[in-house]
$ cat coords_6.txt   # compact mmCIF, C-alpha atoms and all ligand atoms
# COMPACT_ATOMS: atom_id res chain seq x y z
CA MET A 18 0.00 0.00 0.00
CA GLU A 19 2.86 2.43 0.84
CA ASN A 20 4.46 1.62 -2.52
CA SER A 21 1.28 2.27 -4.43
CA PHE A 22 0.86 5.54 -2.51
CA ASN A 23 4.40 6.62 -3.46
CA GLN A 24 3.88 5.59 -7.06
CA LEU A 25 0.69 7.66 -7.12
CA ILE A 26 2.19 10.82 -5.63
CA ASN A 27 5.28 10.60 -7.86
CA PHE A 28 2.98 10.34 -10.86
CA ILE A 29 0.87 13.32 -9.71
CA GLN A 30 4.02 15.36 -9.16
CA GLU A 31 5.40 14.47 -12.58
CA LYS A 32 2.17 15.32 -14.40
CA THR A 33 1.00 18.40 -12.47
CA GLY A 34 4.13 19.82 -10.80
CA PHE A 35 2.26 19.76 -7.48
CA MET A 36 5.02 18.76 -5.05
CA CYS A 37 3.09 16.15 -3.06
CA GLN A 38 6.22 14.98 -1.26
CA LEU A 39 6.51 18.31 0.53
CA TYR A 40 2.96 18.23 1.87
CA LYS A 41 2.05 16.62 5.18
CA GLU A 42 1.10 13.01 4.58
CA ARG A 43 -2.10 12.79 6.58
CA PRO A 44 -3.93 15.78 4.99
CA LEU A 45 -2.59 14.73 1.59
CA LYS A 46 -4.05 11.23 1.97
CA ARG A 47 -7.32 12.65 3.25
CA ARG A 48 -7.64 14.80 0.11
CA LEU A 49 -6.71 12.00 -2.28
CA ARG A 50 -9.45 9.97 -0.61
CA VAL A 51 -11.98 12.73 -1.36
CA ARG A 52 -11.43 12.17 -5.08
CA MET A 53 -11.18 8.40 -4.73
CA ARG A 54 -14.48 8.28 -2.85
CA ALA A 55 -16.14 10.43 -5.51
CA LEU A 56 -14.97 7.91 -8.12
CA GLN A 57 -15.79 4.90 -5.94
CA LEU A 58 -12.20 3.71 -5.91
CA ASN A 59 -10.69 2.11 -2.83
CA LYS A 60 -7.01 1.66 -3.53
CA TYR A 61 -4.23 4.03 -4.49
CA ASP A 62 -3.21 1.85 -7.44
CA GLU A 63 -6.80 1.96 -8.76
CA TYR A 64 -6.67 5.73 -8.64
CA TYR A 65 -3.25 5.70 -10.33
CA ASP A 66 -4.73 3.63 -13.21
CA PHE A 67 -7.71 5.93 -13.39
CA LEU A 68 -5.47 9.00 -13.68
CA ARG A 69 -3.42 7.37 -16.44
CA LYS A 70 -6.54 6.70 -18.45
CA ASN A 71 -8.38 9.96 -17.61
CA PRO A 72 -5.96 12.91 -17.63
CA ASN A 73 -8.92 15.30 -17.14
CA GLU A 74 -9.06 14.04 -13.57
CA PHE A 75 -5.82 15.91 -12.75
CA LYS A 76 -7.74 19.17 -12.82
CA GLU A 77 -10.28 17.93 -10.27
CA LEU A 78 -7.51 16.50 -8.13
CA VAL A 79 -5.46 19.70 -8.04
CA ARG A 80 -8.58 21.60 -7.02
CA VAL A 81 -9.04 19.30 -4.04
CA LEU A 82 -5.34 19.26 -3.12
CA THR A 83 -5.01 23.01 -3.01
CA ILE A 84 -8.16 23.85 -1.00
CA ASN A 85 -8.51 27.51 -1.61
CA LEU A 86 -11.11 28.76 0.76
CA SER A 87 -10.63 32.38 1.76
CA TYR A 88 -12.49 35.47 2.99
CA PHE A 89 -12.03 39.22 2.82
CA PHE A 90 -10.38 40.42 6.04
CA ARG A 91 -10.04 36.88 7.39
CA ASN A 92 -8.94 37.27 11.03
CA PRO A 93 -9.95 40.95 11.18
CA GLU A 94 -7.71 41.62 14.23
CA THR A 95 -4.64 40.95 12.09
CA PHE A 96 -5.72 43.62 9.59
CA GLU A 97 -6.55 46.00 12.44
CA PHE A 98 -3.05 45.61 13.83
CA LEU A 99 -1.51 46.18 10.40
CA GLN A 100 -3.62 49.28 9.91
CA GLN A 101 -2.70 50.82 13.25
CA ASN A 102 0.89 49.74 13.71
CA VAL A 103 2.43 48.84 10.38
CA PHE A 104 0.81 50.83 7.55
CA PRO A 105 1.68 54.28 9.02
CA GLU A 106 5.33 53.39 8.36
CA PHE A 107 4.63 53.05 4.63
CA LYS A 108 3.35 56.63 4.33
CA ASP A 109 6.85 58.06 3.90
CA ARG A 110 7.89 55.59 1.18
CA SER A 111 7.58 56.45 -2.48
CA ARG A 112 6.68 52.92 -3.58
CA VAL A 113 5.35 50.04 -1.52
CA ILE A 114 5.20 46.37 -2.58
CA PHE A 115 2.95 43.78 -0.91
CA TRP A 116 2.85 40.07 -1.70
CA SER A 117 -0.06 37.81 -0.81
CA ALA A 118 1.53 34.38 -1.20
CA GLY A 119 -1.03 31.59 -1.67
CA CYS A 120 -3.76 34.13 -2.42
CA ALA A 121 -6.50 31.67 -3.47
CA GLY A 122 -9.42 33.61 -5.03
CA GLY A 123 -7.89 37.03 -4.34
CA GLU A 124 -9.74 37.90 -1.12
CA GLU A 125 -6.49 38.50 0.79
CA PRO A 126 -4.63 40.74 -1.69
CA TYR A 127 -7.80 42.77 -2.33
CA SER A 128 -8.21 43.17 1.46
CA LEU A 129 -4.66 44.56 1.55
CA ALA A 130 -5.60 46.99 -1.24
CA ILE A 131 -8.68 48.12 0.70
CA LEU A 132 -6.53 48.60 3.80
CA ALA A 133 -4.06 50.63 1.75
CA GLU A 134 -6.91 52.80 0.46
CA GLN A 135 -8.06 53.41 4.02
CA ALA A 136 -4.50 54.37 5.01
CA GLY A 137 -4.30 56.84 2.10
CA ILE A 138 -1.41 55.01 0.40
CA LEU A 139 -3.23 53.15 -2.38
CA SER A 140 -1.70 55.14 -5.23
CA LYS A 141 1.84 54.07 -4.39
CA VAL A 142 1.06 50.45 -3.55
CA GLN A 143 1.61 47.53 -5.90
CA ILE A 144 0.21 44.23 -4.67
CA TYR A 145 1.07 40.80 -6.06
CA GLY A 146 -1.22 37.84 -5.44
CA THR A 147 0.29 34.47 -6.30
CA ASP A 148 -0.93 30.89 -6.22
CA ILE A 149 -0.29 27.56 -7.89
CA ASP A 150 -3.96 26.99 -8.60
CA GLU A 151 -4.91 28.43 -12.00
CA GLU A 152 -8.61 28.05 -11.35
CA ALA A 153 -8.36 30.12 -8.14
CA LEU A 154 -6.28 32.72 -9.99
CA GLY A 155 -9.00 32.94 -12.65
CA ARG A 156 -11.56 33.76 -9.96
CA ALA A 157 -9.16 36.26 -8.39
CA ARG A 158 -8.69 38.08 -11.70
CA LYS A 159 -12.47 38.33 -12.15
CA GLY A 160 -12.86 39.74 -8.62
CA ILE A 161 -16.52 38.72 -8.23
CA TYR A 162 -17.64 37.18 -4.93
CA ASN A 163 -20.67 35.92 -3.07
CA SER A 164 -21.72 37.21 0.33
CA ASN A 165 -19.95 34.36 2.14
CA ALA A 166 -16.54 35.72 1.15
CA LEU A 167 -17.58 39.12 2.51
CA GLN A 168 -18.79 37.93 5.91
CA TYR A 169 -16.28 40.03 7.91
CA LEU A 170 -17.16 43.26 6.12
CA SER A 171 -19.84 45.71 7.30
CA SER A 172 -22.53 46.63 4.77
CA GLU A 173 -21.05 50.13 4.70
CA LEU A 174 -17.67 48.77 3.56
CA ILE A 175 -19.31 46.46 1.05
CA MET A 176 -21.10 49.42 -0.52
CA ARG A 177 -17.91 51.44 -0.58
CA TYR A 178 -15.66 48.85 -2.24
CA PHE A 179 -17.98 46.61 -4.31
CA GLU A 180 -20.54 46.95 -7.09
CA SER A 181 -23.36 44.54 -6.36
CA GLU A 182 -25.61 42.78 -8.80
CA ARG A 183 -27.92 39.85 -8.08
CA GLU A 184 -26.14 38.75 -4.87
CA GLN A 185 -22.75 38.93 -6.54
CA PHE A 186 -20.21 41.53 -5.48
CA ALA A 187 -17.57 42.85 -7.88
CA ILE A 188 -14.56 44.60 -6.39
CA LYS A 189 -14.36 48.18 -7.68
CA GLU A 190 -11.89 48.84 -10.45
CA TYR A 191 -9.72 51.36 -8.58
CA ILE A 192 -9.01 48.69 -5.92
CA LYS A 193 -8.74 45.83 -8.41
CA SER A 194 -6.20 47.60 -10.58
CA ARG A 195 -3.63 47.69 -7.76
CA VAL A 196 -3.39 43.88 -7.68
CA THR A 197 -1.50 41.70 -10.16
CA PHE A 198 -2.11 37.97 -10.08
CA LEU A 199 0.61 35.51 -11.06
CA HIS A 200 0.96 31.77 -11.18
CA HIS A 201 3.83 31.00 -8.85
CA ASP A 202 5.03 28.13 -6.69
CA LEU A 203 6.27 29.16 -3.24
CA PHE A 204 9.29 26.91 -3.58
CA GLN A 205 10.69 29.41 -6.11
CA LEU A 206 11.55 33.08 -5.70
CA PRO A 207 8.91 35.27 -7.37
CA PRO A 208 9.66 37.45 -10.42
CA PHE A 209 8.91 40.83 -8.82
CA PRO A 210 10.81 43.35 -6.66
CA HIS A 211 11.61 42.95 -2.98
CA CYS A 212 8.62 43.45 -0.72
CA ASP A 213 7.71 45.68 2.20
CA LEU A 214 5.16 43.14 3.40
CA ILE A 215 4.55 39.46 2.70
CA VAL A 216 1.30 37.86 3.84
CA CYS A 217 1.23 34.07 3.69
CA ARG A 218 -1.60 32.64 5.71
CA ASN A 219 -3.11 29.18 5.86
CA VAL A 220 -0.64 27.74 3.38
CA LEU A 221 2.39 26.60 5.41
CA ILE A 222 0.14 24.58 7.70
CA TYR A 223 -0.30 21.98 4.95
CA LEU A 224 3.42 21.64 4.32
CA ASP A 225 6.00 19.56 6.10
CA ARG A 226 8.83 21.08 8.10
CA LYS A 227 11.41 20.80 5.34
CA ALA A 228 9.13 22.68 2.95
CA GLN A 229 8.26 25.31 5.58
CA ARG A 230 11.99 25.93 6.09
CA ARG A 231 12.62 26.38 2.36
CA ILE A 232 9.75 28.82 2.00
CA LEU A 233 10.79 30.89 5.02
CA VAL A 234 14.26 31.27 3.46
CA ASN A 235 12.58 32.49 0.25
CA PHE A 236 10.46 34.98 2.20
CA ASN A 237 13.52 36.29 3.99
CA GLU A 238 15.26 36.71 0.66
CA GLN A 239 12.26 38.41 -0.94
CA LEU A 240 11.70 40.93 1.87
CA LYS A 241 13.33 44.35 1.97
CA PRO A 242 15.45 44.93 5.09
CA THR A 243 13.09 45.09 8.10
CA GLY A 244 10.15 44.10 5.86
CA TYR A 245 7.13 42.45 7.49
CA LEU A 246 5.95 38.84 7.29
CA VAL A 247 2.43 37.83 8.32
CA LEU A 248 1.67 34.14 8.84
CA GLY A 249 -1.72 32.54 9.55
CA LYS A 250 -3.09 32.38 13.07
CA VAL A 251 -3.14 28.59 12.84
CA GLU A 252 0.50 28.41 11.83
CA LEU A 253 2.78 27.64 14.73
CA LEU A 254 6.30 27.46 13.40
CA LEU A 255 7.95 27.32 16.80
CA GLY A 256 11.29 25.56 16.83
CA ILE A 257 11.87 26.07 13.11
CA PRO A 258 15.44 27.47 12.88
CA GLU A 259 14.56 29.83 9.99
CA MET A 260 12.13 31.72 12.26
CA LYS A 261 15.29 33.19 13.82
CA LEU A 262 15.62 35.27 10.65
CA PHE A 263 12.61 37.22 11.93
CA ASP A 264 11.70 39.17 15.03
CA ALA A 265 8.16 38.86 16.44
CA VAL A 266 6.23 42.12 16.17
CA ASN A 267 2.93 40.70 17.41
CA ARG A 268 3.03 37.08 18.53
CA ALA A 269 -0.76 36.68 18.80
CA GLU A 270 -1.28 37.86 15.22
CA HIS A 271 1.82 36.05 13.89
CA ILE A 272 3.35 39.25 12.53
CA TYR A 273 7.14 39.23 12.14
CA ARG A 274 9.86 41.47 10.82
CA LYS A 275 12.99 40.60 8.89
CA LEU A 276 16.10 40.91 11.02
CA GLY A 277 19.43 42.33 9.91
CA THR A 278 20.33 44.43 6.94
CA GLY A 279 20.55 41.74 4.17
CA THR A 280 18.96 42.37 0.79
C1 LIG B 301 -6.43 27.93 2.32
S1 LIG B 301 -5.85 28.89 0.97
C2 LIG B 301 -5.30 30.37 1.81
C3 LIG B 301 -5.84 31.61 1.18
C4 LIG B 301 -5.49 32.91 1.93
N1 LIG B 301 -4.07 33.06 2.10
C5 LIG B 301 -6.19 32.94 3.27
O1 LIG B 301 -5.54 32.75 4.30
O2 LIG B 301 -7.41 33.14 3.29
C6 LIG B 301 -4.31 28.10 0.56
C7 LIG B 301 -3.81 28.46 -0.83
O3 LIG B 301 -2.42 28.09 -0.93
C8 LIG B 301 -2.18 27.67 -2.25
N2 LIG B 301 -0.93 26.87 -2.28
C9 LIG B 301 -0.71 25.64 -1.77
N3 LIG B 301 0.55 25.24 -2.03
C10 LIG B 301 1.14 26.27 -2.72
C11 LIG B 301 2.44 26.46 -3.29
N4 LIG B 301 3.38 25.53 -3.20
N5 LIG B 301 2.69 27.62 -3.94
C12 LIG B 301 1.72 28.59 -4.05
N6 LIG B 301 0.47 28.47 -3.54
C13 LIG B 301 0.19 27.32 -2.89
C14 LIG B 301 -3.42 26.86 -2.58
O4 LIG B 301 -3.59 26.71 -3.98
C15 LIG B 301 -4.52 27.69 -1.93
O5 LIG B 301 -5.11 28.59 -2.84
$ encode --input "coords_6.txt" --output "structure tokens"
Amino acid sequence: MENSFNQLINFIQEKTGFMCQLYKERPLKRRLRVRMRALQLNKYDEYYDFLRKNPNEFKELVRVLTINLSYFFRNPETFEFLQQNVFPEFKDRSRVIFWSAGCAGGEEPYSLAILAEQAGILSKVQIYGTDIDEEALGRARKGIYNSNALQYLSSELIMRYFESEREQFAIKEYIKSRVTFLHHDLFQLPPFPHCDLIVCRNVLIYLDRKAQRRILVNFNEQLKPTGYLVLGKVELLLGIPEMKLFDAVNRAEHIYRKLGTGT
């Protein structure tokens, strides 16, 4: 059974580029089982055969593997802290770069754009939203949401930042235009300038320690000196040596700052 599991994940990696080996085994197996159950298959080698014969299934599989649930202003306290304690620092800079890494359907980078608008710095902010899931990126580029994604926003804010039509909410163009979406795998360095702020929430939790370490090194490299890193509230990376590259700014909100004067 272990061999057939390895054969399956090697095959998925080869065909999709999704680096299964770097994801935690238990959640990975749970997600593979979601697809196997849907197809009424019991064994990993049966699913392997199915994938070989039905390459369209890869698309469904990647969707399940990369669960991309998100909300505008998810964990509102984190955004509140950024607004009060971090964004004022950006006011004196001529250009500010944010990166929402693992941005799913765009809720997070658009929330950063809204926050920037509220701080009066929108015109000098460039935000990058990246993900490995093309389907999620497609939704992000459209910028149209249902009310579930907006559950942390007051109706006043919804009216201010969205055009609504038949229970669908489209992010207004002046906010949308500040965000660029790119297909990018976190195991690589991204193709844009060094960042003042990187937000990567609810992504590292699915990855094993080795992968978390690699990605933290990339974040350190990609941040400007003393740039900020925001991780998810569920992500406890205690004991990971690469966390020493950062100083905690707010432990409860998992907000860190790059140490030293590197790049
Ligand atoms: C649960 S969503 C998090 C969305 C948002 N950051 C939030 O906290 O609401 C996780 C996202 O990470 C993306 N992801 C997973 N592995 C990735 C990788 N290696 N590189 C880039 N994105 C990845 C998934 O495709 C998914 O859209």
$ closest_residue --input "coords_6.txt" --among "A:Phe236, A:Phe96, A:Phe263, A:Phe22" --to "Ala136 in chain A" --atoms "only C-alpha atoms"
A:Phe96
$ closest_residue --input "coords_6.txt" --among "A:Leu39, A:Lys60, A:Val220, A:Lys275" --to "Glu238 in chain A" --atoms "all atoms listed in the file"
A:Lys275
$ residues_around --input "coords_6.txt" --residues "Glu94 in chain A" --least-positions-apart "2" --cutoff "12 Å" --atoms "only C-alpha atoms" --output "list in words"
Phe90, Arg91, Asn92, Phe96, Glu97, Phe98, Leu99, Gln100, Gln101, Asn102, Tyr169, Gly249, Lys250, Asn267, Ala269, Glu270, His271 and Ile272 of chain A
$ write_last_selection --input "coords_6.txt" --atoms "C-alpha atoms" --output "mmCIF file, in the frame of the given file"
data_model
loop_
_atom_site.group_PDB
_atom_site.id
_atom_site.type_symbol
_atom_site.label_atom_id
_atom_site.label_comp_id
_atom_site.auth_asym_id
_atom_site.auth_seq_id
_atom_site.Cartn_x
_atom_site.Cartn_y
_atom_site.Cartn_z
ATOM 1 C CA PHE A 90 -10.380 40.420 6.040
ATOM 2 C CA ARG A 91 -10.040 36.880 7.390
ATOM 3 C CA ASN A 92 -8.940 37.270 11.030
ATOM 4 C CA PHE A 96 -5.720 43.620 9.590
ATOM 5 C CA GLU A 97 -6.550 46.000 12.440
ATOM 6 C CA PHE A 98 -3.050 45.610 13.830
ATOM 7 C CA LEU A 99 -1.510 46.180 10.400
ATOM 8 C CA GLN A 100 -3.620 49.280 9.910
ATOM 9 C CA GLN A 101 -2.700 50.820 13.250
ATOM 10 C CA ASN A 102 0.890 49.740 13.710
ATOM 11 C CA TYR A 169 -16.280 40.030 7.910
ATOM 12 C CA GLY A 249 -1.720 32.540 9.550
ATOM 13 C CA LYS A 250 -3.090 32.380 13.070
ATOM 14 C CA ASN A 267 2.930 40.700 17.410
ATOM 15 C CA ALA A 269 -0.760 36.680 18.800
ATOM 16 C CA GLU A 270 -1.280 37.860 15.220
ATOM 17 C CA HIS A 271 1.820 36.050 13.890
ATOM 18 C CA ILE A 272 3.350 39.250 12.530
#
$ residues_around --input "coords_6.txt" --residues "range 177-193 of chain A" --least-positions-apart "6" --cutoff "12 Å" --atoms "all atoms listed in the file" --output "short mmCIF file (atom, residue, chain, number, x, y, z; two decimals) with C-alpha atoms, in the coordinates of the input"
data_model
loop_
_atom_site.label_atom_id
_atom_site.label_comp_id
_atom_site.auth_asym_id
_atom_site.auth_seq_id
_atom_site.Cartn_x
_atom_site.Cartn_y
_atom_site.Cartn_z
CA PHE A 89 -12.03 39.22 2.82
CA GLY A 123 -7.89 37.03 -4.34
CA GLU A 124 -9.74 37.90 -1.12
CA GLU A 125 -6.49 38.50 0.79
CA PRO A 126 -4.63 40.74 -1.69
CA TYR A 127 -7.80 42.77 -2.33
CA SER A 128 -8.21 43.17 1.46
CA LEU A 129 -4.66 44.56 1.55
CA ALA A 130 -5.60 46.99 -1.24
CA ILE A 131 -8.68 48.12 0.70
CA LEU A 132 -6.53 48.60 3.80
CA ALA A 133 -4.06 50.63 1.75
CA GLU A 134 -6.91 52.80 0.46
CA GLN A 135 -8.06 53.41 4.02
CA ILE A 138 -1.41 55.01 0.40
CA LEU A 139 -3.23 53.15 -2.38
CA SER A 140 -1.70 55.14 -5.23
CA VAL A 142 1.06 50.45 -3.55
CA GLN A 143 1.61 47.53 -5.90
CA ILE A 144 0.21 44.23 -4.67
CA TYR A 145 1.07 40.80 -6.06
CA GLY A 146 -1.22 37.84 -5.44
CA ARG A 156 -11.56 33.76 -9.96
CA ALA A 157 -9.16 36.26 -8.39
CA ARG A 158 -8.69 38.08 -11.70
CA LYS A 159 -12.47 38.33 -12.15
CA GLY A 160 -12.86 39.74 -8.62
CA ILE A 161 -16.52 38.72 -8.23
CA TYR A 162 -17.64 37.18 -4.93
CA ASN A 163 -20.67 35.92 -3.07
CA SER A 164 -21.72 37.21 0.33
CA ASN A 165 -19.95 34.36 2.14
CA ALA A 166 -16.54 35.72 1.15
CA LEU A 167 -17.58 39.12 2.51
CA LEU A 170 -17.16 43.26 6.12
CA SER A 171 -19.84 45.71 7.30
#
$ residues_around --input "coords_6.txt" --residues "range 206-215 of chain A" --least-positions-apart "2" --cutoff "6 Å" --atoms "all atoms listed in the file" --output "JSON, numbers by chain"
{"A": [114, 115, 116, 239, 240, 241, 244, 245, 246]}
$ closest_residue --input "coords_6.txt" --among "A:Leu86, A:Leu68, A:Ala55, A:Leu174" --to "ligand LIG 301 (chain B)" --atoms "only C-alpha atoms and all ligand atoms"
A:Leu86
$ atom_distance --input "coords_6.txt" --atom1 "CA of Lys32 in chain A" --atom2 "CA of Leu45 in chain A"
16.7 Å
$ residues_near_ligand --input "coords_6.txt" --ligand "ligand LIG 301 (chain B)" --cutoff "7 Å" --atoms "all atoms listed in the file" --output "short mmCIF file (atom, residue, chain, number, x, y, z; two decimals) with C-alpha atoms, in the coordinates of the input"
data_model
loop_
_atom_site.label_atom_id
_atom_site.label_comp_id
_atom_site.auth_asym_id
_atom_site.auth_seq_id
_atom_site.Cartn_x
_atom_site.Cartn_y
_atom_site.Cartn_z
CA THR A 83 -5.01 23.01 -3.01
CA ILE A 84 -8.16 23.85 -1.00
CA ASN A 85 -8.51 27.51 -1.61
CA LEU A 86 -11.11 28.76 0.76
CA SER A 87 -10.63 32.38 1.76
CA TYR A 88 -12.49 35.47 2.99
CA ARG A 91 -10.04 36.88 7.39
CA SER A 117 -0.06 37.81 -0.81
CA ALA A 118 1.53 34.38 -1.20
CA GLY A 119 -1.03 31.59 -1.67
CA CYS A 120 -3.76 34.13 -2.42
CA ALA A 121 -6.50 31.67 -3.47
CA GLY A 122 -9.42 33.61 -5.03
CA GLU A 124 -9.74 37.90 -1.12
CA GLU A 125 -6.49 38.50 0.79
CA THR A 147 0.29 34.47 -6.30
CA ASP A 148 -0.93 30.89 -6.22
CA ILE A 149 -0.29 27.56 -7.89
CA ASP A 150 -3.96 26.99 -8.60
CA ALA A 153 -8.36 30.12 -8.14
CA HIS A 201 3.83 31.00 -8.85
CA ASP A 202 5.03 28.13 -6.69
CA LEU A 203 6.27 29.16 -3.24
CA PHE A 204 9.29 26.91 -3.58
CA CYS A 217 1.23 34.07 3.69
CA ARG A 218 -1.60 32.64 5.71
CA ASN A 219 -3.11 29.18 5.86
CA VAL A 220 -0.64 27.74 3.38
CA GLY A 249 -1.72 32.54 9.55
#
$ atom_distance --input "coords_6.txt" --atom1 "CA of Lys46 in chain A" --atom2 "CA of Tyr223 in chain A"
11.8 Å
$ residues_around --input "coords_6.txt" --residues "Leu262 in chain A" --least-positions-apart "5" --cutoff "10 Å" --atoms "only C-alpha atoms" --output "list in words"
Leu233, Val234, Phe236, Asn237, Tyr273, Arg274, Lys275, Leu276 and Gly277 of chain A
$ closest_residue --input "coords_6.txt" --among "A:Val266, A:Ala228, A:Met36, A:Leu221" --to "Leu253 in chain A" --atoms "only C-alpha atoms"
A:Leu221
$ residues_around --input "coords_6.txt" --residues "Tyr61 in chain A" --least-positions-apart "2" --cutoff "6 Å" --atoms "all atoms listed in the file" --output "PyMOL selection string"
chain A and resi 21-22+63-64
$ atom_distance --input "coords_6.txt" --atom1 "CA of Phe75 in chain A" --atom2 "CA of Thr33 in chain A"
7.3 Å
$ closest_residue --input "coords_6.txt" --among "A:Glu173, A:Val81, A:Lys41, A:Asn73" --to "Gln229 in chain A" --atoms "only C-alpha atoms"
A:Lys41
